[in-house]
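> This is my_file.cif (mmCIF, C-alpha atoms).
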```cif
data_model
#
loop_
_atom_site.label_atom_id
_atom_site.label_comp_id
_atom_site.auth_asym_id
_atom_site.auth_seq_id
_atom_site.Cartn_x
_atom_site.Cartn_y
_atom_site.Cartn_z
CA MET H 17 -5.73 20.14 -6.41
CA LEU H 18 -7.52 16.89 -7.28
CA LEU H 19 -8.56 16.11 -3.70
CA GLY H 20 -11.84 14.33 -4.45
CA PRO H 21 -10.58 12.23 -7.39
CA ALA H 22 -7.49 11.17 -5.43
CA LEU H 23 -9.59 10.11 -2.42
CA GLY H 24 -11.98 8.29 -4.77
CA LEU H 25 -9.09 6.43 -6.43
CA SER H 26 -7.78 5.55 -2.97
CA ALA H 27 -11.19 4.12 -2.06
CA MET H 28 -11.32 2.05 -5.25
CA LEU H 29 -7.83 0.62 -4.73
CA PHE H 30 -8.64 -0.21 -1.10
CA SER H 31 -11.85 -2.00 -2.12
CA ILE H 32 -9.97 -4.02 -4.76
CA GLY H 33 -7.42 -4.97 -2.09
CA VAL H 34 -10.18 -6.13 0.26
CA ALA H 35 -11.71 -8.16 -2.57
CA GLY H 36 -8.34 -9.81 -3.19
CA VAL H 37 -7.89 -10.72 0.47
CA LEU H 38 -11.37 -12.26 0.58
CA LEU H 39 -11.17 -14.04 -2.79
CA ARG H 40 -7.73 -15.59 -3.04
CA ARG H 41 -6.40 -18.59 -1.14
CA ASN H 42 -2.75 -18.15 -2.10
CA ALA H 43 -0.97 -16.67 0.92
CA ILE H 44 1.51 -14.66 -1.18
CA VAL H 45 -1.20 -13.08 -3.33
CA LEU H 46 -3.06 -12.27 -0.12
CA PHE H 47 0.02 -10.45 1.15
CA MET H 48 0.26 -8.54 -2.11
CA CYS H 49 -3.34 -7.41 -1.67
CA VAL H 50 -2.48 -6.18 1.83
CA GLU H 51 0.33 -4.12 0.27
CA LEU H 52 -2.21 -2.75 -2.21
CA MET H 53 -4.46 -1.64 0.67
CA LEU H 54 -1.51 0.04 2.40
CA ASN H 55 -0.76 1.91 -0.81
CA ALA H 56 -4.37 3.05 -1.10
CA VAL H 57 -4.13 4.54 2.38
CA ASN H 58 -0.82 6.18 1.43
CA LEU H 59 -2.58 7.81 -1.51
CA ALA H 60 -5.24 9.24 0.82
CA PHE H 61 -2.52 10.64 3.09
CA ILE H 62 -0.71 12.25 0.14
CA ALA H 63 -3.95 13.74 -1.18
CA LEU H 64 -4.77 15.30 2.18
CA ALA H 65 -1.18 16.48 2.65
CA GLN H 66 -1.97 19.01 -0.09
CA LEU H 67 -4.08 20.77 2.54
CA HIS H 68 -2.33 19.97 5.79
CA GLY H 69 1.34 20.34 4.91
CA VAL H 70 4.16 17.82 4.93
CA SER H 71 2.96 15.85 8.00
CA GLY H 72 1.04 13.58 5.64
CA HIS H 73 4.21 12.81 3.71
CA ILE H 74 5.96 11.82 6.93
CA VAL H 75 3.11 9.48 7.92
CA VAL H 76 3.46 7.83 4.49
CA PHE H 77 7.17 7.43 5.18
CA PHE H 78 6.38 5.56 8.42
CA VAL H 79 3.69 3.45 6.74
CA MET H 80 6.23 2.36 4.12
CA THR H 81 8.68 1.36 6.86
CA VAL H 82 6.04 -0.67 8.64
CA ALA H 83 5.05 -2.26 5.31
CA ALA H 84 8.66 -3.30 4.71
CA ALA H 85 8.91 -4.84 8.18
CA GLU H 86 5.56 -6.57 7.72
CA ALA H 87 6.61 -7.99 4.35
CA ALA H 88 9.89 -9.34 5.75
CA VAL H 89 8.29 -11.08 8.75
CA GLY H 90 5.24 -12.24 6.78
CA LEU H 91 7.33 -13.81 4.03
CA ALA H 92 9.48 -15.55 6.65
CA ILE H 93 6.30 -17.00 8.14
CA ILE H 94 5.20 -18.13 4.66
CA ILE H 95 8.53 -19.92 4.17
CA THR H 96 8.10 -21.67 7.52
CA VAL H 97 4.54 -22.70 6.67
CA PHE H 98 5.67 -23.97 3.26
CA ARG H 99 8.38 -26.09 4.88
CA HIS H 100 5.80 -27.49 7.26
CA ASN H 101 3.14 -28.67 4.81
CA GLN H 102 4.59 -28.08 1.30
CA SER H 103 1.83 -25.66 0.33
CA ILE H 104 0.83 -22.07 0.97
CA ASP H 105 -2.82 -22.64 0.14
CA LEU H 106 -4.69 -21.12 3.06
CA GLN H 107 -7.15 -24.02 3.09
CA ASN H 108 -4.33 -26.34 4.15
CA ILE H 109 -3.35 -24.11 7.04
CA ASN H 110 -5.85 -25.27 9.64
CA LEU H 111 -3.78 -26.27 12.65
CA LEU H 112 -5.74 -23.89 14.87
CA HIS H 113 -9.08 -24.99 13.42
CA GLY H 114 -10.06 -26.91 16.58
CA MET I 14 -2.98 18.85 -18.27
CA THR I 15 -2.40 17.67 -14.71
CA GLU I 16 -5.94 16.34 -14.54
CA THR I 17 -5.57 14.40 -17.79
CA ALA I 18 -2.34 12.83 -16.57
CA PHE I 19 -3.97 12.03 -13.22
CA TYR I 20 -6.87 10.20 -14.84
CA ILE I 21 -4.56 8.26 -17.18
CA PHE I 22 -2.46 7.02 -14.26
CA ALA I 23 -5.57 6.42 -12.15
CA VAL I 24 -6.96 4.09 -14.85
CA LEU I 25 -3.58 2.33 -15.04
CA ALA I 26 -3.49 1.90 -11.25
CA VAL I 27 -7.01 0.46 -11.05
CA LEU I 28 -6.35 -1.82 -14.03
CA GLY I 29 -3.15 -3.10 -12.42
CA ALA I 30 -4.88 -3.68 -9.09
CA ALA I 31 -7.78 -5.56 -10.68
CA MET I 32 -5.44 -7.73 -12.76
CA CYS I 33 -3.34 -8.39 -9.65
CA VAL I 34 -6.39 -9.81 -7.89
CA LEU I 35 -7.60 -11.80 -10.90
CA GLN I 36 -4.34 -13.26 -12.27
CA ARG I 37 -3.91 -16.95 -11.56
CA THR I 38 -0.12 -17.17 -11.33
CA PRO I 39 1.58 -15.29 -8.48
CA VAL I 40 4.33 -13.92 -10.74
CA ALA I 41 1.82 -12.32 -13.14
CA ALA I 42 -0.12 -10.89 -10.19
CA LEU I 43 3.13 -9.46 -8.83
CA MET I 44 4.01 -7.83 -12.15
CA TRP I 45 0.60 -6.14 -12.28
CA LEU I 46 1.14 -4.96 -8.71
CA VAL I 47 4.47 -3.43 -9.76
CA GLU I 48 2.61 -1.61 -12.54
CA THR I 49 0.14 -0.28 -9.95
CA MET I 50 3.01 0.92 -7.77
CA PHE I 51 4.57 2.82 -10.66
CA ALA I 52 1.24 4.42 -11.57
CA LEU I 53 0.80 5.43 -7.93
CA ALA I 54 4.30 6.91 -7.89
CA ALA I 55 3.33 9.06 -10.87
CA ILE I 56 0.16 10.14 -9.08
CA PHE I 57 2.18 11.05 -5.97
CA LEU I 58 4.33 13.19 -8.24
CA LEU I 59 1.25 14.93 -9.61
CA LEU I 60 0.00 15.56 -6.06
CA GLY I 61 3.21 17.36 -5.16
CA ALA I 62 4.99 14.60 -3.20
CA GLU I 63 8.22 14.22 -5.17
CA PHE I 64 10.24 12.58 -2.40
CA ILE I 65 7.51 10.06 -1.60
CA ALA I 66 7.23 9.24 -5.32
CA ALA I 67 10.95 8.43 -5.44
CA ILE I 68 10.69 6.36 -2.25
CA GLN I 69 7.68 4.56 -3.70
CA VAL I 70 9.69 3.42 -6.70
CA LEU I 71 12.84 2.61 -4.72
CA VAL I 72 11.34 0.91 -1.67
CA TYR I 73 8.07 -0.55 -2.94
CA ALA I 74 8.72 -1.46 -6.55
CA GLY I 75 12.44 -1.93 -6.00
CA ALA I 76 12.71 -3.71 -2.66
CA ILE I 77 9.47 -5.07 -1.23
CA LEU I 78 8.10 -6.50 -4.46
CA VAL I 79 11.48 -8.00 -5.40
CA LEU I 80 11.37 -9.69 -2.00
CA PHE I 81 8.00 -11.16 -2.96
CA LEU I 82 9.46 -12.30 -6.28
CA PHE I 83 12.37 -13.99 -4.49
CA ILE I 84 9.95 -15.90 -2.26
CA ILE I 85 7.80 -16.98 -5.22
CA MET I 86 10.90 -18.26 -7.04
CA LEU I 87 12.32 -19.83 -3.87
CA LEU I 88 9.15 -21.78 -3.17
CA ASN I 89 8.68 -22.54 -6.89
CA LEU I 90 5.11 -21.26 -7.04
CA GLY I 91 5.33 -20.22 -10.67
CA HIS I 92 2.36 -22.15 -11.98
CA THR I 93 -0.48 -23.11 -9.74
CA ARG I 94 -4.08 -23.93 -10.51
CA SER I 95 -6.77 -21.36 -9.87
CA ASP I 96 -7.10 -20.57 -6.18
CA LEU I 97 -10.26 -18.49 -6.15
CA ARG I 98 -12.57 -19.40 -3.30
CA GLY I 99 -16.03 -20.91 -3.77
CA ALA I 100 -19.34 -19.31 -4.70
CA SER I 101 -20.30 -18.40 -1.12
CA ALA I 102 -17.02 -16.54 -0.65
CA VAL I 103 -17.54 -14.73 -3.97
CA THR I 104 -20.97 -13.58 -2.80
CA ALA I 105 -19.59 -12.47 0.55
CA THR I 106 -16.81 -10.59 -1.25
CA LEU I 107 -19.23 -8.84 -3.59
CA VAL I 108 -21.45 -7.74 -0.70
CA THR I 109 -18.56 -6.58 1.49
CA VAL I 110 -16.70 -4.78 -1.25
CA GLY I 111 -19.89 -3.27 -2.64
CA LEU I 112 -20.80 -1.85 0.75
CA LEU I 113 -17.26 -0.61 1.35
CA ALA I 114 -16.99 0.99 -2.08
CA ALA I 115 -20.39 2.65 -1.69
CA GLU I 116 -19.35 4.10 1.65
CA LEU I 117 -15.94 5.21 0.46
CA TRP I 118 -17.33 6.59 -2.79
CA ALA I 119 -18.65 9.56 -0.83
CA LEU I 120 -15.02 10.65 -0.56
CA TRP I 121 -15.18 11.53 -4.24
CA ALA I 122 -17.33 14.55 -3.40
CA TYR I 123 -14.62 16.12 -1.25
CA THR I 124 -13.16 19.43 -2.32
CA PRO I 125 -10.71 21.61 -0.41
CA ALA I 126 -13.49 24.09 0.38
CA ARG I 127 -15.78 21.43 1.85
CA LEU I 128 -13.00 19.90 3.92
CA GLU I 129 -12.04 23.31 5.24
CA ALA I 130 -15.66 24.04 6.17
CA GLU I 131 -15.86 20.74 8.04
CA VAL I 132 -12.71 21.21 10.09
CA ARG I 133 -13.33 24.89 10.76
CA GLY I 134 -12.51 25.66 14.37
CA ALA I 135 -9.45 23.45 14.23
CA ALA I 136 -6.14 24.88 13.14
CA ARG I 137 -6.30 26.62 9.78
CA LEU I 138 -5.38 24.33 6.91
CA ALA I 139 -1.80 24.85 5.87
CA GLY I 140 -2.54 24.72 2.17
CA ALA I 141 -0.50 23.58 -0.77
CA GLU I 142 1.41 26.86 -0.71
CA ALA I 143 3.02 25.93 2.62
CA VAL I 144 4.31 22.69 1.12
CA ARG I 145 5.57 24.56 -1.91
CA THR I 146 7.35 27.29 0.08
CA ALA I 147 8.97 24.69 2.35
CA ALA I 148 10.17 22.82 -0.72
CA ALA I 149 11.46 26.06 -2.25
CA GLU I 150 13.32 26.97 0.96
CA ARG I 151 15.00 23.68 1.77
CA GLY I 152 14.61 21.58 -1.34
CA VAL I 153 12.24 18.66 -1.87
CA VAL I 154 14.05 16.31 0.51
CA GLY I 155 14.77 18.99 3.09
CA ALA I 156 11.07 19.87 3.38
CA ILE I 157 10.44 16.31 4.58
CA ALA I 158 13.66 15.85 6.52
CA ALA I 159 13.30 18.92 8.75
CA PRO I 160 10.00 17.89 10.43
CA LEU I 161 11.09 14.23 10.36
CA PHE I 162 14.15 14.93 12.50
CA GLU I 163 12.59 17.66 14.65
CA THR I 164 8.89 17.09 15.33
CA TYR I 165 8.83 13.37 14.57
CA LEU I 166 12.24 12.37 15.97
CA VAL I 167 10.89 9.92 18.56
CA PRO I 168 8.66 7.99 16.09
CA PHE I 169 11.62 7.91 13.72
CA GLU I 170 13.83 6.27 16.34
CA ILE I 171 11.06 3.84 17.28
CA THR I 172 10.85 2.92 13.60
CA SER I 173 14.50 1.90 13.64
CA VAL I 174 13.80 -0.39 16.62
CA LEU I 175 10.85 -1.84 14.69
CA LEU I 176 13.07 -2.57 11.70
CA LEU I 177 15.65 -4.25 13.94
CA ALA I 178 12.92 -6.42 15.48
CA ALA I 179 11.68 -7.31 11.97
CA ILE I 180 15.18 -8.31 10.85
CA VAL I 181 15.72 -10.50 13.90
CA GLY I 182 12.24 -11.99 13.59
CA ALA I 183 12.66 -12.80 9.91
CA VAL I 184 16.02 -14.48 10.48
CA VAL I 185 14.74 -16.52 13.43
CA LEU I 186 11.57 -17.59 11.58
CA ALA I 187 13.20 -18.52 8.30
CA LYS I 188 16.23 -20.27 9.78
CA ARG I 189 16.21 -24.00 9.17
CA ARG I 190 16.23 -25.89 12.42
CA THR I 191 18.95 -28.52 12.41
#
```
Could you write out this file's structure as structure tokens?


Amino acid sequence: MLLGPALGLSAMLFSIGVAGVLLRRNAIVLFMCVELMLNAVNLAFIALAQLHGVSGHIVVFFVMTVAAAEAAVGLAIIITVFRHNQSIDLQNINLLHG
Amino acid sequence: MTETAFYIFAVLAVLGAAMCVLQRTPVAALMWLVETMFALAAIFLLLGAEFIAAIQVLVYAGAILVLFLFIIMLLNLGHTRSDLRGASAVTATLVTVGLLAAELWALWAYTPARLEAEVRGAARLAGAEAVRTAAAERGVVGAIAAPLFETYLVPFEITSVLLLAAIVGAVVLAKRRT
């Protein structure tokens, strides 16, 4: 069954993803950490689907679709930002800083 | 046997995730993330989600992360200096992640029996047997496809609209203005 260990692993992966988002300044690595967090949540859904039937699998299916859409739009934004100031370091992106 | 395999792949997944956060170059971080995705696909397989495991390899490792790789190559970000934030951010990260991990660690204690006791009064838990019988009746893909196109038809169609919007948005954003 492995419900507890799978949920624990999901929690660890999510925490590592949060750490990556807070620690790194590279916009692409930050996006990769967001993908990692999405995968951690997927793991929790799959673990609980062992009890609740295939609905969990279908939610994971939708999460993956949204992740693909998010990656496509996010990477397009990164390209635009790179064209604008030749860097994707988040410290240089401060147009809205006031 | 299953447990041993689970823990092996769990260690691989956590190792890959940690290296992904700590690697300096984006390409190396991406490769570690791919390793995490493959380990997670194996874990999905162990948890009885064969179709999702295949999709994980095809869509995540095969499509989304290759898209990331294309962007890294396109923008020529192969070798950058370290981009870790300063000491204050490291402290904030340690505190936040420590709190989050401590809270989420309680999940480790969950067992099917405890979960069932907590949701008693709601609908009876379907159980792994239901998944297995559905898979035996209609095949691994059919067990997912039947509810997807019956119960969840409207969300499925909305998803296609979302994908269309994402395609249009990506093209409009990335197009060079002349």

> Quick one: of I:Leu176, I:Arg127, I:Arg145, I:Gly182, who's nearest to Gly69 in chain H, counting all atoms listed in the file?

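Once distances to Gly69 in chain H are computed over all atoms listed in the file, the minimum belongs to I:Arg145.
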
> Could you tell me which residues the PyMOL selection byres ((chain H and resi 77-93) around 6) grabs in this file, written as a ChimeraX atom specification?

/H:74-76,94-96 /I:176,179,183,186-187

> Of the candidates H:Leu39, H:Leu106, H:Leu19, H:Met28, which one gets nearest to Val57 in chain H if we count only C-alpha atoms?

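Among the listed residues, the smallest separation from Val57 in chain H belongs to H:Met28.
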
> Set the distance at 9 Å and use only C-alpha atoms: which residues neighbour Val40 in chain I once local chain neighbours fewer than 3 positions away are removed? I'd like the list as a list in words.

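Answer for this query is Gln36, Arg37, Leu43, Met44, Trp45, Leu82, Ile85, Met86, Leu90, Gly91 and His92 of chain I.
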
> Distance CA of Leu88 in chain I-CA of Leu177 in chain I, one decimal place?

25.3 Å

> Pick out the closest residue to chain I from this set: H:Gln66, H:Ser26, H:Asn108, H:Asn55. Count only C-alpha atoms.

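Looking at the shortest contact to chain I, the residue is H:Gln66.
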
> Taking (-11.0, 5.7, -0.9) in the file's own coordinates, collect the residues within 10 Å, counting all atoms listed in the file, and hand them back as a compact mmCIF listing (two decimals) with C-alpha atoms, in the coordinates of the input.


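Below you can see point12.txt, which holds the result:
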```txt
# COMPACT_ATOMS: atom_id res chain seq x y z
CA GLY H 20 -11.84 14.33 -4.45
CA PRO H 21 -10.58 12.23 -7.39
CA ALA H 22 -7.49 11.17 -5.43
CA LEU H 23 -9.59 10.11 -2.42
CA GLY H 24 -11.98 8.29 -4.77
CA LEU H 25 -9.09 6.43 -6.43
CA SER H 26 -7.78 5.55 -2.97
CA ALA H 27 -11.19 4.12 -2.06
CA MET H 28 -11.32 2.05 -5.25
CA LEU H 29 -7.83 0.62 -4.73
CA PHE H 30 -8.64 -0.21 -1.10
CA SER H 31 -11.85 -2.00 -2.12
CA MET H 53 -4.46 -1.64 0.67
CA ALA H 56 -4.37 3.05 -1.10
CA VAL H 57 -4.13 4.54 2.38
CA LEU H 59 -2.58 7.81 -1.51
CA ALA H 60 -5.24 9.24 0.82
CA LEU I 113 -17.26 -0.61 1.35
CA ALA I 114 -16.99 0.99 -2.08
CA ALA I 115 -20.39 2.65 -1.69
CA GLU I 116 -19.35 4.10 1.65
CA LEU I 117 -15.94 5.21 0.46
CA TRP I 118 -17.33 6.59 -2.79
CA ALA I 119 -18.65 9.56 -0.83
CA LEU I 120 -15.02 10.65 -0.56
CA TRP I 121 -15.18 11.53 -4.24
```

> Could you spell out the hits of the PyMOL selection byres ((chain I and resi 48-63) around 8) on the shown file, as a VMD selection string?

(chain H and resid 17 to 18 55 59 62 to 63 66 73) or (chain I and resid 15 19 22 to 23 25 to 30 44 to 47 64 to 67 69 to 70 73 to 74 153)

> Find the distance between CA of Val45 in chain H and CA of Pro39 in chain I and write it in Å to one decimal.

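About the pair CA of Val45 in chain H and CA of Pro39 in chain I: they are 6.3 Å apart.
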
> Just the number, please: distance in Å from CA of Ala102 in chain I to CA of Leu38 in chain H, one decimal.

7.2 Å

> Please evaluate the PyMOL selection byres ((chain I and resi 98) around 8) against the displayed coordinates and give the resulting residues as a PyMOL selection string.

(chain H and resi 39-41) or (chain I and resi 96-97+99-100+102-103)

> Excluding Ala35 in chain H and residues on its chain fewer than 6 positions from it, collect all residues at most 10 Å away from it, counting all atoms listed in the file, and give them as a tab-separated table (two decimals) with C-alpha atoms, in the coordinates of the input.


```
chain	number	residue	atom	x	y	z
H	29	LEU	CA	-7.83	0.62	-4.73
H	46	LEU	CA	-3.06	-12.27	-0.12
H	49	CYS	CA	-3.34	-7.41	-1.67
I	31	ALA	CA	-7.78	-5.56	-10.68
I	34	VAL	CA	-6.39	-9.81	-7.89
I	35	LEU	CA	-7.60	-11.80	-10.90
I	103	VAL	CA	-17.54	-14.73	-3.97
I	105	ALA	CA	-19.59	-12.47	0.55
I	106	THR	CA	-16.81	-10.59	-1.25
I	107	LEU	CA	-19.23	-8.84	-3.59
I	108	VAL	CA	-21.45	-7.74	-0.70
I	109	THR	CA	-18.56	-6.58	1.49
I	110	VAL	CA	-16.70	-4.78	-1.25
I	111	GLY	CA	-19.89	-3.27	-2.64
```

> When you count all atoms listed in the file, which of these residues is closest to chain H: I:Met32, I:Ile21, I:Ala130, I:Leu161?

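Of the candidates, the smallest distance to chain H is held by I:Leu161.
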